[in-house]
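Take a look at the structure below.
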Amino acid sequence: MEITKQRFINIHKYALFAGIAFYLYSIFVSKSLQFGIFFVLAVSCFNLLQLRFFQGRPRLAAHTWLVPALVAIFTSSVLMEKGPGASKPLYTAITLIISLIPLLLLATGKAVEKASQRPRLEVVNFRIIVQTLVFTLYLAVSANTWILGTKHELLFWGMFHVFTVAIFPFLFGRVLCGWLCPNATLQDALHKNLTYKRPISRLPRAIEEQSHTTAMYLREGDKSAPFFPFTLLLAWFPMFFTETVFDLTTVPWYPTVFLYGLLICSFLLPWRKLCTHFCWLSSYRGLAGQASLWRIRYNKSNCKDCKVCFAEAACPFYIDIRNQDNEMPATCCLCFSCMEACPAEGCLTFRRAKEEKERIRAIGKTA
Ligand code: SF4
Ligand code: SF4
Ligand code: SF4
């Protein structure tokens with residue numbers, strides 16, 4: 001079997017669909033689940049995020065699928081909900097089979113494309129590792145919190161949000177939105193690699209105009225900017241209301257619906273639409289992140305005007321970093337993909353060149 005770029009992606013798509021089918025079966029039909037299944041999703045994301053590295057190295061990619069297989073074995077004594085007729089060996093076997101499908105396909109596959117020779121930026125490599133680890137942790141903790149009903153993890157995620165939402169943006173901008181948020185990891189993995197045209201390219205106008213970022217960046221005299229984001233009402237308030245009033249901890253369908261809702265939206269909507277229009281954290285982080293100490297520096301004198309940096313493949317938010325002078329773009333999540341994509345030496349960097357500082361001062365901005 002030959003594994004072309006398309007085939008490589010398709011394997012994961014089918015593995016994901018198989019995971020979804022078995023997962024839904026386990027929840028709604030047999031009322032029993034096994035932990036390892038969450039890791040199938042995590043490993044899918046890891047492979048997808050690292051597609052460039054695994055391209056041409058299918059056997060190496062196959063090894064990562066040992067992770068869900070091992071997790072399935074080690075957690076085989078833990079069923080998430082013991083429904084009538086739940087059988088540990090059966091669900092361990094189901095999880096193992098799901099885990100092993102892509103492993104077998106990759107291990108018996110033949111690469112027809114060369115592995116990418118271009119080295120990755122270290123910071124991007126580091127980001128991908130962090131993203132994948134946090135996503136895996138999120139899946140495992142969600143499984144424990146909601147399905148087994150332990151509350152300590154809920155406290156963990158509560159504190160995680162306090163620090164990441166309230167404090168981090170002042171130091172590291174929206175690094176959370178590029179490095180840690182599981183919703184972002186899922187969207188990145190799917191959008192960077194499943195590159196078909198999304199069926200919904202634009203949301204209805206009423207929603208498009210109400211992006212949270214627009215809502216929070218009211219400029220003087222900008223009467224068209226909404227005062228309160230309608231999508232906040234539409235998407236998040238009902239969710240938190242339901243979660244609190246009906247106490248959805250220990251309700252197994254809740255994380256399932258949430259996760260697969262995100263998954264389906266990622267299949268339907270353009271990259272990061274969920275972030276700009278439906279995430280209630282987006283606007284606050286965008287505002288607080290304006291003072292971020294960590295940011296990308298653009299050195300105009302080295303720029304070749306090739307526009308690679310804000311092409312869809314590079315920037316999740318389609319930001320033209322060349323127009324920002326020293327201002328932090330409201331949606332920049334410090335993923336450094338633009339820096340990696342930029343072909344000009346010293347153009348997008350962590351440090352601003354001396355002549356660029358002078359240029360910025362000359363136009364009346366703080367360098
Ligand atoms: S905007 Fe919201 S969903 Fe998107 S990455 Fe940030 S916190 Fe996550
Ligand atoms: S401007 Fe660069 S670092 Fe910011 S989100 Fe876009 S690609 Fe990532
Ligand atoms: S990729 Fe680099 S050189 Fe090309 S336009 Fe963007 S900043 Fe300039």
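Chain labels A, B, ... are given in the sequence in which chains occur in the structure tokens; within each chain residues are numbered consecutively from 1, and ligands are likewise numbered from 1 in the order shown.
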
Produce as number ranges by chain the set of residues near ligand 3, where near means within 12 Å with only C-alpha atoms and all ligand atoms considered. A: 296-311, 313-315, 318-325, 336-349

Collect all residues with atoms no farther than 8 Å from ligand 1, counting only C-alpha atoms and all ligand atoms, and output them as a PyMOL selection string. chain A and resi 174+176-178+180-185+272+274-276+278-283+285+333

Have a look at A:Arg202, A:Arg361, A:Arg127, A:Arg52 and name the one nearest to ligand 2; count only C-alpha atoms and all ligand atoms. A:Arg127

My list of candidates is A:Ile129, A:Ala353, A:Val124, A:Val71. Which is closest to ligand 2 when distances are computed with only C-alpha atoms and all ligand atoms? A:Val124

Interatomic distance (Å, one decimal) between atom CA of Cys332 of chain A and atom CA of Gln290 of chain A: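 Separation of atom CA of Cys332 of chain A and atom CA of Gln290 of chain A: 9.8 Å.
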
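Counting only C-alpha atoms and all ligand atoms, the residue from A:Leu262, A:Ile207, A:Val175, A:Ala189 that sits nearest to ligand 2 is A:Val175.
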
Quick one: residues within 12 Å of Gln50 of chain A, only C-alpha atoms counted, chain neighbours fewer than 5 positions away excluded, as a PDB file with all heavy atoms, in the first residue's frame?
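What landed in part_28.pdb:
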ATOM      1  N   PHE A   8      -2.449   9.441   3.729  1.00  0.00           N
ATOM      2  CA  PHE A   8      -1.997   9.592   5.111  1.00  0.00           C
ATOM      3  C   PHE A   8      -3.077  10.296   5.932  1.00  0.00           C
ATOM      4  O   PHE A   8      -3.432   9.884   7.013  1.00  0.00           O
ATOM      5  CB  PHE A   8      -0.711  10.428   5.127  1.00  0.00           C
ATOM      6  CG  PHE A   8      -0.053  10.503   6.476  1.00  0.00           C
ATOM      7  CD1 PHE A   8       0.942   9.605   6.814  1.00  0.00           C
ATOM      8  CD2 PHE A   8      -0.425  11.446   7.404  1.00  0.00           C
ATOM      9  CE1 PHE A   8       1.538   9.659   8.050  1.00  0.00           C
ATOM     10  CE2 PHE A   8       0.168  11.506   8.647  1.00  0.00           C
ATOM     11  CZ  PHE A   8       1.160  10.609   8.962  1.00  0.00           C
ATOM     12  N   ILE A   9      -3.646  11.340   5.321  1.00  0.00           N
ATOM     13  CA  ILE A   9      -4.680  12.087   6.017  1.00  0.00           C
ATOM     14  C   ILE A   9      -5.935  11.231   6.170  1.00  0.00           C
ATOM     15  O   ILE A   9      -6.542  11.176   7.218  1.00  0.00           O
ATOM     16  CB  ILE A   9      -5.015  13.378   5.236  1.00  0.00           C
ATOM     17  CG1 ILE A   9      -3.831  14.324   5.324  1.00  0.00           C
ATOM     18  CG2 ILE A   9      -6.255  14.053   5.780  1.00  0.00           C
ATOM     19  CD1 ILE A   9      -3.890  15.447   4.359  1.00  0.00           C
ATOM     20  N   VAL A  43      -3.886  10.918  20.021  1.00  0.00           N
ATOM     21  CA  VAL A  43      -2.835  10.475  19.110  1.00  0.00           C
ATOM     22  C   VAL A  43      -3.155  10.906  17.675  1.00  0.00           C
ATOM     23  O   VAL A  43      -2.273  11.283  16.909  1.00  0.00           O
ATOM     24  CB  VAL A  43      -2.631   8.950  19.225  1.00  0.00           C
ATOM     25  CG1 VAL A  43      -1.738   8.437  18.122  1.00  0.00           C
ATOM     26  CG2 VAL A  43      -1.999   8.632  20.559  1.00  0.00           C
ATOM     27  N   SER A  44      -4.432  10.894  17.316  1.00  0.00           N
ATOM     28  CA  SER A  44      -4.818  11.391  15.996  1.00  0.00           C
ATOM     29  C   SER A  44      -4.349  12.826  15.843  1.00  0.00           C
ATOM     30  O   SER A  44      -3.763  13.204  14.835  1.00  0.00           O
ATOM     31  CB  SER A  44      -6.341  11.397  15.825  1.00  0.00           C
ATOM     32  OG  SER A  44      -6.841  10.118  15.956  1.00  0.00           O
ATOM     33  N   CYS A  45      -4.615  13.613  16.878  1.00  0.00           N
ATOM     34  CA  CYS A  45      -4.233  15.024  16.811  1.00  0.00           C
ATOM     35  C   CYS A  45      -2.725  15.174  16.722  1.00  0.00           C
ATOM     36  O   CYS A  45      -2.215  16.011  15.977  1.00  0.00           O
ATOM     37  CB  CYS A  45      -4.738  15.769  18.037  1.00  0.00           C
ATOM     38  SG  CYS A  45      -6.437  16.219  17.829  1.00  0.00           S
ATOM     39  N   GLN A  55       5.312  12.797   7.361  1.00  0.00           N
ATOM     40  CA  GLN A  55       5.184  12.587   5.921  1.00  0.00           C
ATOM     41  C   GLN A  55       6.413  11.821   5.431  1.00  0.00           C
ATOM     42  O   GLN A  55       7.538  12.215   5.676  1.00  0.00           O
ATOM     43  CB  GLN A  55       5.148  13.960   5.230  1.00  0.00           C
ATOM     44  CG  GLN A  55       4.581  13.922   3.844  1.00  0.00           C
ATOM     45  CD  GLN A  55       3.080  13.713   3.911  1.00  0.00           C
ATOM     46  OE1 GLN A  55       2.413  14.476   4.551  1.00  0.00           O
ATOM     47  NE2 GLN A  55       2.595  12.695   3.263  1.00  0.00           N
ATOM     48  N   GLY A  56       6.185  10.717   4.772  1.00  0.00           N
ATOM     49  CA  GLY A  56       7.321   9.924   4.288  1.00  0.00           C
ATOM     50  C   GLY A  56       7.901   9.001   5.347  1.00  0.00           C
ATOM     51  O   GLY A  56       8.863   8.292   5.095  1.00  0.00           O
ATOM     52  N   ARG A  57       7.350   9.029   6.543  1.00  0.00           N
ATOM     53  CA  ARG A  57       7.860   8.143   7.600  1.00  0.00           C
ATOM     54  C   ARG A  57       6.687   7.402   8.247  1.00  0.00           C
ATOM     55  O   ARG A  57       6.427   7.557   9.448  1.00  0.00           O
ATOM     56  CB  ARG A  57       8.570   8.959   8.682  1.00  0.00           C
ATOM     57  CG  ARG A  57       9.734   9.792   8.193  1.00  0.00           C
ATOM     58  CD  ARG A  57      10.267  10.609   9.375  1.00  0.00           C
ATOM     59  NE  ARG A  57      11.452  11.344   9.015  1.00  0.00           N
ATOM     60  CZ  ARG A  57      11.549  12.668   9.043  1.00  0.00           C
ATOM     61  NH1 ARG A  57      10.533  13.408   9.423  1.00  0.00           N
ATOM     62  NH2 ARG A  57      12.680  13.262   8.711  1.00  0.00           N
ATOM     63  N   PRO A  58       5.937   6.632   7.467  1.00  0.00           N
ATOM     64  CA  PRO A  58       4.734   6.002   8.031  1.00  0.00           C
ATOM     65  C   PRO A  58       5.017   5.056   9.187  1.00  0.00           C
ATOM     66  O   PRO A  58       4.216   4.957  10.114  1.00  0.00           O
ATOM     67  CB  PRO A  58       4.124   5.253   6.841  1.00  0.00           C
ATOM     68  CG  PRO A  58       5.200   5.135   5.835  1.00  0.00           C
ATOM     69  CD  PRO A  58       6.112   6.292   6.052  1.00  0.00           C
ATOM     70  N   LEU A  60       7.335   5.264  11.426  1.00  0.00           N
ATOM     71  CA  LEU A  60       7.568   6.055  12.634  1.00  0.00           C
ATOM     72  C   LEU A  60       6.227   6.548  13.187  1.00  0.00           C
ATOM     73  O   LEU A  60       5.968   6.495  14.392  1.00  0.00           O
ATOM     74  CB  LEU A  60       8.468   7.250  12.296  1.00  0.00           C
ATOM     75  CG  LEU A  60       9.031   8.019  13.476  1.00  0.00           C
ATOM     76  CD1 LEU A  60       9.897   7.123  14.337  1.00  0.00           C
ATOM     77  CD2 LEU A  60       9.866   9.196  12.975  1.00  0.00           C
ATOM     78  N   ALA A  61       5.359   6.989  12.270  1.00  0.00           N
ATOM     79  CA  ALA A  61       4.029   7.453  12.695  1.00  0.00           C
ATOM     80  C   ALA A  61       3.266   6.320  13.375  1.00  0.00           C
ATOM     81  O   ALA A  61       2.542   6.532  14.347  1.00  0.00           O
ATOM     82  CB  ALA A  61       3.244   7.978  11.498  1.00  0.00           C
ATOM     83  N   THR A  64       3.478   5.879  17.191  1.00  0.00           N
ATOM     84  CA  THR A  64       2.730   6.722  18.130  1.00  0.00           C
ATOM     85  C   THR A  64       1.388   6.078  18.476  1.00  0.00           C
ATOM     86  O   THR A  64       0.792   6.402  19.495  1.00  0.00           O
ATOM     87  CB  THR A  64       2.463   8.126  17.550  1.00  0.00           C
ATOM     88  OG1 THR A  64       1.725   7.976  16.344  1.00  0.00           O
ATOM     89  CG2 THR A  64       3.738   8.871  17.259  1.00  0.00           C
ATOM     90  N   ALA A 115      10.221  12.805   3.198  1.00  0.00           N
ATOM     91  CA  ALA A 115       9.999  13.583   4.404  1.00  0.00           C
ATOM     92  C   ALA A 115      10.501  15.000   4.167  1.00  0.00           C
ATOM     93  O   ALA A 115      11.456  15.204   3.421  1.00  0.00           O
ATOM     94  CB  ALA A 115      10.761  12.947   5.551  1.00  0.00           C
ATOM     95  N   SER A 116       9.834  15.978   4.801  1.00  0.00           N
ATOM     96  CA  SER A 116      10.233  17.377   4.623  1.00  0.00           C
ATOM     97  C   SER A 116      11.655  17.602   5.114  1.00  0.00           C
ATOM     98  O   SER A 116      12.037  17.139   6.184  1.00  0.00           O
ATOM     99  CB  SER A 116       9.270  18.270   5.401  1.00  0.00           C
ATOM    100  OG  SER A 116       9.755  19.589   5.404  1.00  0.00           O
ATOM    101  N   ARG A 120      12.226  22.547  11.326  1.00  0.00           N
ATOM    102  CA  ARG A 120      11.186  23.321  12.016  1.00  0.00           C
ATOM    103  C   ARG A 120      11.840  24.306  12.963  1.00  0.00           C
ATOM    104  O   ARG A 120      12.934  24.038  13.480  1.00  0.00           O
ATOM    105  CB  ARG A 120      10.321  22.377  12.877  1.00  0.00           C
ATOM    106  CG  ARG A 120       9.236  21.681  12.125  1.00  0.00           C
ATOM    107  CD  ARG A 120       7.987  21.592  12.984  1.00  0.00           C
ATOM    108  NE  ARG A 120       6.961  22.431  12.421  1.00  0.00           N
ATOM    109  CZ  ARG A 120       5.779  21.966  11.979  1.00  0.00           C
ATOM    110  NH1 ARG A 120       5.504  20.708  12.062  1.00  0.00           N
ATOM    111  NH2 ARG A 120       4.909  22.789  11.474  1.00  0.00           N
ATOM    112  N   VAL A 124       8.340  26.333  17.467  1.00  0.00           N
ATOM    113  CA  VAL A 124       7.132  25.691  16.925  1.00  0.00           C
ATOM    114  C   VAL A 124       7.098  24.219  17.345  1.00  0.00           C
ATOM    115  O   VAL A 124       6.059  23.687  17.732  1.00  0.00           O
ATOM    116  CB  VAL A 124       7.064  25.849  15.392  1.00  0.00           C
ATOM    117  CG1 VAL A 124       5.895  25.077  14.808  1.00  0.00           C
ATOM    118  CG2 VAL A 124       6.951  27.320  15.018  1.00  0.00           C
ATOM    119  N   ASN A 125       8.254  23.564  17.299  1.00  0.00           N
ATOM    120  CA  ASN A 125       8.337  22.179  17.784  1.00  0.00           C
ATOM    121  C   ASN A 125       7.880  22.090  19.229  1.00  0.00           C
ATOM    122  O   ASN A 125       7.086  21.233  19.604  1.00  0.00           O
ATOM    123  CB  ASN A 125       9.798  21.697  17.731  1.00  0.00           C
ATOM    124  CG  ASN A 125      10.001  20.765  16.564  1.00  0.00           C
ATOM    125  OD1 ASN A 125       9.067  20.121  16.106  1.00  0.00           O
ATOM    126  ND2 ASN A 125      11.214  20.698  16.072  1.00  0.00           N
ATOM    127  N   PHE A 126       8.392  23.005  20.028  1.00  0.00           N
ATOM    128  CA  PHE A 126       8.056  23.024  21.453  1.00  0.00           C
ATOM    129  C   PHE A 126       6.556  23.251  21.632  1.00  0.00           C
ATOM    130  O   PHE A 126       5.890  22.592  22.434  1.00  0.00           O
ATOM    131  CB  PHE A 126       8.877  24.113  22.145  1.00  0.00           C
ATOM    132  CG  PHE A 126       8.686  24.181  23.627  1.00  0.00           C
ATOM    133  CD1 PHE A 126       8.889  23.057  24.412  1.00  0.00           C
ATOM    134  CD2 PHE A 126       8.295  25.356  24.245  1.00  0.00           C
ATOM    135  CE1 PHE A 126       8.706  23.107  25.780  1.00  0.00           C
ATOM    136  CE2 PHE A 126       8.105  25.414  25.609  1.00  0.00           C
ATOM    137  CZ  PHE A 126       8.314  24.288  26.378  1.00  0.00           C
ATOM    138  N   ARG A 127       6.003  24.184  20.835  1.00  0.00           N
ATOM    139  CA  ARG A 127       4.564  24.460  20.941  1.00  0.00           C
ATOM    140  C   ARG A 127       3.743  23.211  20.639  1.00  0.00           C
ATOM    141  O   ARG A 127       2.779  22.894  21.346  1.00  0.00           O
ATOM    142  CB  ARG A 127       4.163  25.582  19.968  1.00  0.00           C
ATOM    143  CG  ARG A 127       2.654  25.720  19.817  1.00  0.00           C
ATOM    144  CD  ARG A 127       2.254  26.909  18.977  1.00  0.00           C
ATOM    145  NE  ARG A 127       2.675  26.888  17.612  1.00  0.00           N
ATOM    146  CZ  ARG A 127       2.120  26.162  16.641  1.00  0.00           C
ATOM    147  NH1 ARG A 127       1.112  25.354  16.922  1.00  0.00           N
ATOM    148  NH2 ARG A 127       2.573  26.222  15.410  1.00  0.00           N
ATOM    149  N   ILE A 128       4.127  22.483  19.606  1.00  0.00           N
ATOM    150  CA  ILE A 128       3.355  21.297  19.221  1.00  0.00           C
ATOM    151  C   ILE A 128       3.388  20.240  20.329  1.00  0.00           C
ATOM    152  O   ILE A 128       2.383  19.604  20.641  1.00  0.00           O
ATOM    153  CB  ILE A 128       3.863  20.739  17.875  1.00  0.00           C
ATOM    154  CG1 ILE A 128       3.451  21.701  16.762  1.00  0.00           C
ATOM    155  CG2 ILE A 128       3.292  19.352  17.598  1.00  0.00           C
ATOM    156  CD1 ILE A 128       4.024  21.392  15.418  1.00  0.00           C
ATOM    157  N   ILE A 129       4.554  20.081  20.951  1.00  0.00           N
ATOM    158  CA  ILE A 129       4.649  19.107  22.049  1.00  0.00           C
ATOM    159  C   ILE A 129       3.734  19.540  23.200  1.00  0.00           C
ATOM    160  O   ILE A 129       2.958  18.748  23.730  1.00  0.00           O
ATOM    161  CB  ILE A 129       6.110  18.963  22.520  1.00  0.00           C
ATOM    162  CG1 ILE A 129       6.928  18.292  21.409  1.00  0.00           C
ATOM    163  CG2 ILE A 129       6.199  18.152  23.802  1.00  0.00           C
ATOM    164  CD1 ILE A 129       8.418  18.341  21.609  1.00  0.00           C
ATOM    165  N   GLN A 131       1.106  21.518  23.081  1.00  0.00           N
ATOM    166  CA  GLN A 131      -0.299  21.392  22.649  1.00  0.00           C
ATOM    167  C   GLN A 131      -0.790  19.955  22.814  1.00  0.00           C
ATOM    168  O   GLN A 131      -1.873  19.700  23.333  1.00  0.00           O
ATOM    169  CB  GLN A 131      -0.421  21.765  21.164  1.00  0.00           C
ATOM    170  CG  GLN A 131      -0.804  23.207  20.901  1.00  0.00           C
ATOM    171  CD  GLN A 131      -1.130  23.435  19.432  1.00  0.00           C
ATOM    172  OE1 GLN A 131      -0.342  23.111  18.556  1.00  0.00           O
ATOM    173  NE2 GLN A 131      -2.281  23.998  19.162  1.00  0.00           N
ATOM    174  N   THR A 132       0.023  19.024  22.338  1.00  0.00           N
ATOM    175  CA  THR A 132      -0.411  17.628  22.367  1.00  0.00           C
ATOM    176  C   THR A 132      -0.501  17.102  23.792  1.00  0.00           C
ATOM    177  O   THR A 132      -1.459  16.409  24.146  1.00  0.00           O
ATOM    178  CB  THR A 132       0.562  16.756  21.546  1.00  0.00           C
ATOM    179  OG1 THR A 132       0.775  17.404  20.305  1.00  0.00           O
ATOM    180  CG2 THR A 132       0.002  15.369  21.305  1.00  0.00           C
ATOM    181  N   THR A 185      -6.243  23.156  19.708  1.00  0.00           N
ATOM    182  CA  THR A 185      -5.454  22.020  19.221  1.00  0.00           C
ATOM    183  C   THR A 185      -6.268  21.200  18.228  1.00  0.00           C
ATOM    184  O   THR A 185      -5.781  20.814  17.165  1.00  0.00           O
ATOM    185  CB  THR A 185      -5.019  21.129  20.405  1.00  0.00           C
ATOM    186  OG1 THR A 185      -4.358  21.953  21.350  1.00  0.00           O
ATOM    187  CG2 THR A 185      -4.094  20.027  19.962  1.00  0.00           C
ATOM    188  N   ASP A 188      -6.639  23.236  15.037  1.00  0.00           N
ATOM    189  CA  ASP A 188      -5.370  23.297  14.287  1.00  0.00           C
ATOM    190  C   ASP A 188      -5.104  21.985  13.573  1.00  0.00           C
ATOM    191  O   ASP A 188      -4.757  21.938  12.409  1.00  0.00           O
ATOM    192  CB  ASP A 188      -4.187  23.581  15.228  1.00  0.00           C
ATOM    193  CG  ASP A 188      -4.191  25.010  15.717  1.00  0.00           C
ATOM    194  OD1 ASP A 188      -5.096  25.771  15.300  1.00  0.00           O
ATOM    195  OD2 ASP A 188      -3.324  25.358  16.521  1.00  0.00           O
ATOM    196  N   ALA A 189      -5.272  20.885  14.333  1.00  0.00           N
ATOM    197  CA  ALA A 189      -4.980  19.573  13.763  1.00  0.00           C
ATOM    198  C   ALA A 189      -5.858  19.317  12.552  1.00  0.00           C
ATOM    199  O   ALA A 189      -5.391  18.836  11.517  1.00  0.00           O
ATOM    200  CB  ALA A 189      -5.191  18.490  14.807  1.00  0.00           C
ATOM    201  N   LEU A 190      -7.120  19.670  12.648  1.00  0.00           N
ATOM    202  CA  LEU A 190      -8.034  19.374  11.549  1.00  0.00           C
ATOM    203  C   LEU A 190      -7.857  20.346  10.383  1.00  0.00           C
ATOM    204  O   LEU A 190      -7.885  19.948   9.225  1.00  0.00           O
ATOM    205  CB  LEU A 190      -9.480  19.396  12.048  1.00  0.00           C
ATOM    206  CG  LEU A 190      -9.785  18.285  13.063  1.00  0.00           C
ATOM    207  CD1 LEU A 190     -11.149  18.470  13.674  1.00  0.00           C
ATOM    208  CD2 LEU A 190      -9.683  16.917  12.422  1.00  0.00           C
ATOM    209  N   LYS A 192      -5.197  22.283   9.532  1.00  0.00           N
ATOM    210  CA  LYS A 192      -3.917  22.308   8.832  1.00  0.00           C
ATOM    211  C   LYS A 192      -3.761  21.103   7.922  1.00  0.00           C
ATOM    212  O   LYS A 192      -2.949  21.104   7.024  1.00  0.00           O
ATOM    213  CB  LYS A 192      -2.766  22.337   9.832  1.00  0.00           C
ATOM    214  CG  LYS A 192      -2.525  23.727  10.359  1.00  0.00           C
ATOM    215  CD  LYS A 192      -1.286  23.775  11.198  1.00  0.00           C
ATOM    216  CE  LYS A 192      -1.102  25.166  11.763  1.00  0.00           C
ATOM    217  NZ  LYS A 192      -0.103  25.221  12.798  1.00  0.00           N
ATOM    218  N   ASN A 193      -4.496  20.068   8.196  1.00  0.00           N
ATOM    219  CA  ASN A 193      -4.242  18.830   7.471  1.00  0.00           C
ATOM    220  C   ASN A 193      -5.404  18.334   6.637  1.00  0.00           C
ATOM    221  O   ASN A 193      -5.208  17.689   5.618  1.00  0.00           O
ATOM    222  CB  ASN A 193      -3.796  17.760   8.462  1.00  0.00           C
ATOM    223  CG  ASN A 193      -2.516  18.182   9.145  1.00  0.00           C
ATOM    224  OD1 ASN A 193      -1.484  18.180   8.507  1.00  0.00           O
ATOM    225  ND2 ASN A 193      -2.588  18.604  10.382  1.00  0.00           N
TER     226      ASN A 193
END

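In this comparison, which uses only C-alpha atoms and all ligand atoms, the residue of A:His191, A:Lys273, A:Lys114, A:Arg295 approaching ligand 2 most closely is A:Arg295.
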
Which residue, A:Val67, A:Ile264, A:Leu259, A:Val123, has the smallest gap to ligand 2 when you use only C-alpha atoms and all ligand atoms?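 With only C-alpha atoms and all ligand atoms as the atom set, the closest residue is A:Val123.
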
Find the residue from A:Cys335, A:Leu171, A:Ile200, A:Leu263 that sits nearest to Leu293 of chain A; use only C-alpha atoms when measuring. A:Leu171

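One finds atom CA of Phe258 of chain A at 11.7 Å from atom CA of Leu139 of chain A.
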
So that I can check the secondary structure, give me every residue of segment 260-324 of chain A assigned alpha helix (DSSP H) by backbone DSSP, as a ChimeraX atom specification. /A:260-268,273-278,280-288
